[in-house]
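Notes for the one structure printed next.
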Amino acid sequence: MDSQPRSDRADDGVSLGDTLVAPGSRVHGKASVLGVPVTYTATPRPRPSGSHIPFGHYLTDHVLIAEHEAASGWQLPHIVPAGTPHAEIASGAIQYGLSIFEGLKAFKSPSGEIRIFRPDAHARRFAASASRLCMPEIAVDSFMSAVRAIVRVDADWCPPHNGGAIYVRPTLHGSEAFLGVRPAAKHTFSVILSPVDSYFEGDDHKLRLWAEREYTRAALGGVGAVKTGGNYACSLLAAKRAKENGFDQVMWLDAHKHEYLEEAGTMNVFVRIGDTVITPPLGGTILAGVTRDSCLMLLRSWGTRVDERPVSLTELAESARSGKEIEMWGTGTAAVVSPISELAWDSGSVKSTGSSIAPRLREALDGIHSGRNEDPFGWLVTI
Ligand code: COI
């Protein structure tokens, strides 16, 4: 299993099981990209126009699909016009939420190359999510090859950098038509793509968050640490209520004491108290964000003091009261690094009073993504 991103891969074919599609082979008399047979669309989709591409509104022309059957394992992937597959209503995915996904991004370099950010890290998390939900795992190399193939097919959808990217959404769902509650005998792996630019409209967007003390996102022993759809479905009511009360999103707290920060909406959360950056530890209820990990690596390489430890509302409020500078931000693939201006709860609030770290992290990551800065950790993988 690869642990390092590789940017020098040859056209070496894609396989999710034992059989490899021969590089350059042509199937059905159609094209093959990185060994994956492609049926090109006859009806291209509308492209984004206007100055802002709203997140998730546009999907590209093609989708990569591979099926897995418990009895025979993985079939070879193929790329077809988007919109062709349809979900089985009686499936575990629709009935019981048997579905996992990833979100990663591909960026255009100044010379026009398309490069994917840390696909190996996303592949490993995808495998961990699959294992938690009793789904078939996909090898890291196979996941990366599949993502490279579909991004190559729709590469011309990639917006110029400037915050723009192709958002890559690999999904694995239980697709067997069966209503019993047990691991599915049939699964479908798919990868769709969406051109995006900044997640929040306006680059200077600062979030106001409501610390949610009634609803919780995850409890120990649950599925909070994996990327499954139910974690997002169950967040909607609290987010709706926060928005009705004038906030942008919720700050999720621990399920036991409703006191310790866990996640900021769909993002991991960081705070700086004085000169120490703190982020909650990955204790089983928090998603191991790839952007979170990238920020930790950058901060440590800068010599910034970073603690992965629980941080409570009380600690934040007392630190603010004692005059310490506070800075808060969220991190995620979609939003990258998003400053939080205020965190409020039923009995208090804190405001960010400094901004020495989040903009620097944002600038560093944007610089690496776009190819403006060097890629010191070898995070980018060329398609
Ligand atoms: C991401 O940042 O990729 C996420 O998972 C958030 C997404 C659900 C919009």
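Chains: A, B, ... in order of the structure tokens. Residues: from 1 per chain. Ligands: from 1, in order shown.
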May I have the residues within 10 Å of ligand 1, computed using only C-alpha atoms and all ligand atoms, as a PyMOL selection string? chain A and resi 55-56+101-105+167-169+199+227-229+231-232+265-268+287+289-291+331-336
* Could you pull out all residues of region 65-267 of chain A with a DSSP call of helix (DSSP H, G or I) and give them as a PyMOL selection string? -> chain A and resi 92-96+119-132+140-153+155-157+229-233+236-244
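For the atom pair formed by CA of Ala165 (chain A) and CA of Phe107 (chain A), the distance is 4.9 Å, given to one decimal.
Each of A:Pro54, A:Pro77, A:Pro280, A:Gly274 was checked against Val38 (chain A) using only C-alpha atoms; the smallest atom-to-atom distance is that of A:Pro77.
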Item to check | Residue contacts of region 294-296 of chain A (12 Å, only C-alpha atoms) excluding same-chain residues fewer than 5 positions away, as a VMD selection string | outcome: chain A and resid 117 to 118 121 268 to 270 277 to 281 288 to 289 301 to 308 329 to 333 336 to 337 357 to 366 368 to 369 375 to 379
Of A:Leu313, A:Leu59, A:Leu172, A:Leu236, the one sitting nearest Ile100 (chain A) when using only C-alpha atoms is A:Leu172
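Among the candidates A:Ala219, A:Val36, A:Ala242, A:Ala70, the one nearest to Lys186 (chain A) when counting only C-alpha atoms is A:Ala70.
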* To do: Compile the contact shell of His187 (chain A) as a PyMOL selection string: residues with an atom at most 8 Å away, counting only C-alpha atoms, same-chain residues fewer than 6 positions apart removed.
  => chain A and resi 67-69+135-136+172-176
Serialized selection, C-alpha atoms, as a compact mmCIF listing (two decimals), in the first residue's frame:
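Okay, result-v2.txt is ready:
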# COMPACT_ATOMS: atom_id res chain seq x y z
CA GLU A 67 -19.48 -2.69 -8.67
CA HIS A 68 -18.61 -5.13 -5.91
CA GLU A 69 -20.45 -8.40 -5.27
CA MET A 135 -18.38 -2.45 3.35
CA PRO A 136 -15.67 -3.77 1.00
CA LEU A 172 -19.39 3.77 -1.77
CA HIS A 173 -22.94 2.66 -1.13
CA GLY A 174 -24.78 -0.56 -0.43
CA SER A 175 -26.70 -1.17 -3.68
CA GLU A 176 -28.26 -4.60 -3.17
| message | Just want the 12 Å neighbourhood of region 85-89 of chain A, counted on only C-alpha atoms, with same-chain residues fewer than 5 positions away dropped. Output as a PyMOL selection string. | response | chain A and resi 62-67+78-80+94-97+99+172-179+186-192
Could you turn the residues from that selection into a file that holds C-alpha atoms, as a PDB file, in the first residue's frame?
ATOM      1  CA  HIS A  62     -18.874  11.796 -16.456  1.00  0.00           C
ATOM      2  CA  VAL A  63     -18.945   9.412 -13.503  1.00  0.00           C
ATOM      3  CA  LEU A  64     -16.660   6.501 -12.641  1.00  0.00           C
ATOM      4  CA  ILE A  65     -18.483   3.373 -11.503  1.00  0.00           C
ATOM      5  CA  ALA A  66     -17.286   0.022 -10.147  1.00  0.00           C
ATOM      6  CA  GLU A  67     -19.477  -2.689  -8.669  1.00  0.00           C
ATOM      7  CA  HIS A  78     -15.724   2.153 -16.122  1.00  0.00           C
ATOM      8  CA  ILE A  79     -16.490   5.784 -16.849  1.00  0.00           C
ATOM      9  CA  VAL A  80     -19.859   6.685 -18.320  1.00  0.00           C
ATOM     10  CA  ILE A  94     -31.335   4.523   0.872  1.00  0.00           C
ATOM     11  CA  GLN A  95     -33.017   2.482   3.589  1.00  0.00           C
ATOM     12  CA  TYR A  96     -30.317   2.408   6.279  1.00  0.00           C
ATOM     13  CA  GLY A  97     -27.731   5.014   5.353  1.00  0.00           C
ATOM     14  CA  SER A  99     -23.031   4.934   2.432  1.00  0.00           C
ATOM     15  CA  LEU A 172     -19.395   3.774  -1.774  1.00  0.00           C
ATOM     16  CA  HIS A 173     -22.942   2.655  -1.128  1.00  0.00           C
ATOM     17  CA  GLY A 174     -24.778  -0.562  -0.434  1.00  0.00           C
ATOM     18  CA  SER A 175     -26.698  -1.175  -3.679  1.00  0.00           C
ATOM     19  CA  GLU A 176     -28.259  -4.595  -3.169  1.00  0.00           C
ATOM     20  CA  ALA A 177     -32.072  -4.597  -3.401  1.00  0.00           C
ATOM     21  CA  PHE A 178     -32.721  -6.180  -0.019  1.00  0.00           C
ATOM     22  CA  LEU A 179     -34.582  -4.912   3.027  1.00  0.00           C
ATOM     23  CA  LYS A 186     -23.645  -5.712  -3.510  1.00  0.00           C
ATOM     24  CA  HIS A 187     -21.920  -2.309  -3.363  1.00  0.00           C
ATOM     25  CA  THR A 188     -21.324   0.443  -5.878  1.00  0.00           C
ATOM     26  CA  PHE A 189     -18.246   2.655  -5.884  1.00  0.00           C
ATOM     27  CA  SER A 190     -18.646   5.900  -7.798  1.00  0.00           C
ATOM     28  CA  VAL A 191     -16.663   9.074  -8.297  1.00  0.00           C
ATOM     29  CA  ILE A 192     -18.364  12.267  -9.408  1.00  0.00           C
TER      30      ILE A 192
END
Could you tell me, as a PyMOL selection string, which residues of region 11-253 of chain A DSSP assigns to strand (DSSP E) when given the backbone?
chain A and resi 31-33+36-38+62-69+73-74+78-81+99-101+104-108+114-117+165-174+186-196+207-212+249-253
- Query: Can you tell me, as a ChimeraX atom specification, what residues are no more than 10 Å from Ser356 (chain A) when counting only C-alpha atoms, ignoring any on the same chain fewer than 6 positions away?
  - Reply: /A:272,275,327
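Every protein, DNA or RNA residue with an atom at most 8 Å from Thr39 (chain A), where only C-alpha atoms count and chain neighbours fewer than 2 positions away do not, is listed here: Lys30, Ala31, Pro37, Thr41, Ile79, Val80 and Pro81 of chain A.
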CA of Ser370 (chain A) to CA of Pro119 (chain A) measures 16.1 Å
Using only C-alpha atoms, the best pick from A:Met297, A:Val223, A:Val350, A:Val196 as closest to His52 (chain A) would be A:Val196
Shortest contact to Gly163 (chain A), candidates A:Pro195, A:Ala82, A:Leu237, A:Gly230, atoms counted only C-alpha atoms, goes to A:Pro195
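Shortest atom-to-atom contact with Arg124 (chain A) among A:Asp154, A:Asp141, A:Glu212, A:Asp254: A:Asp141, counting only C-alpha atoms.
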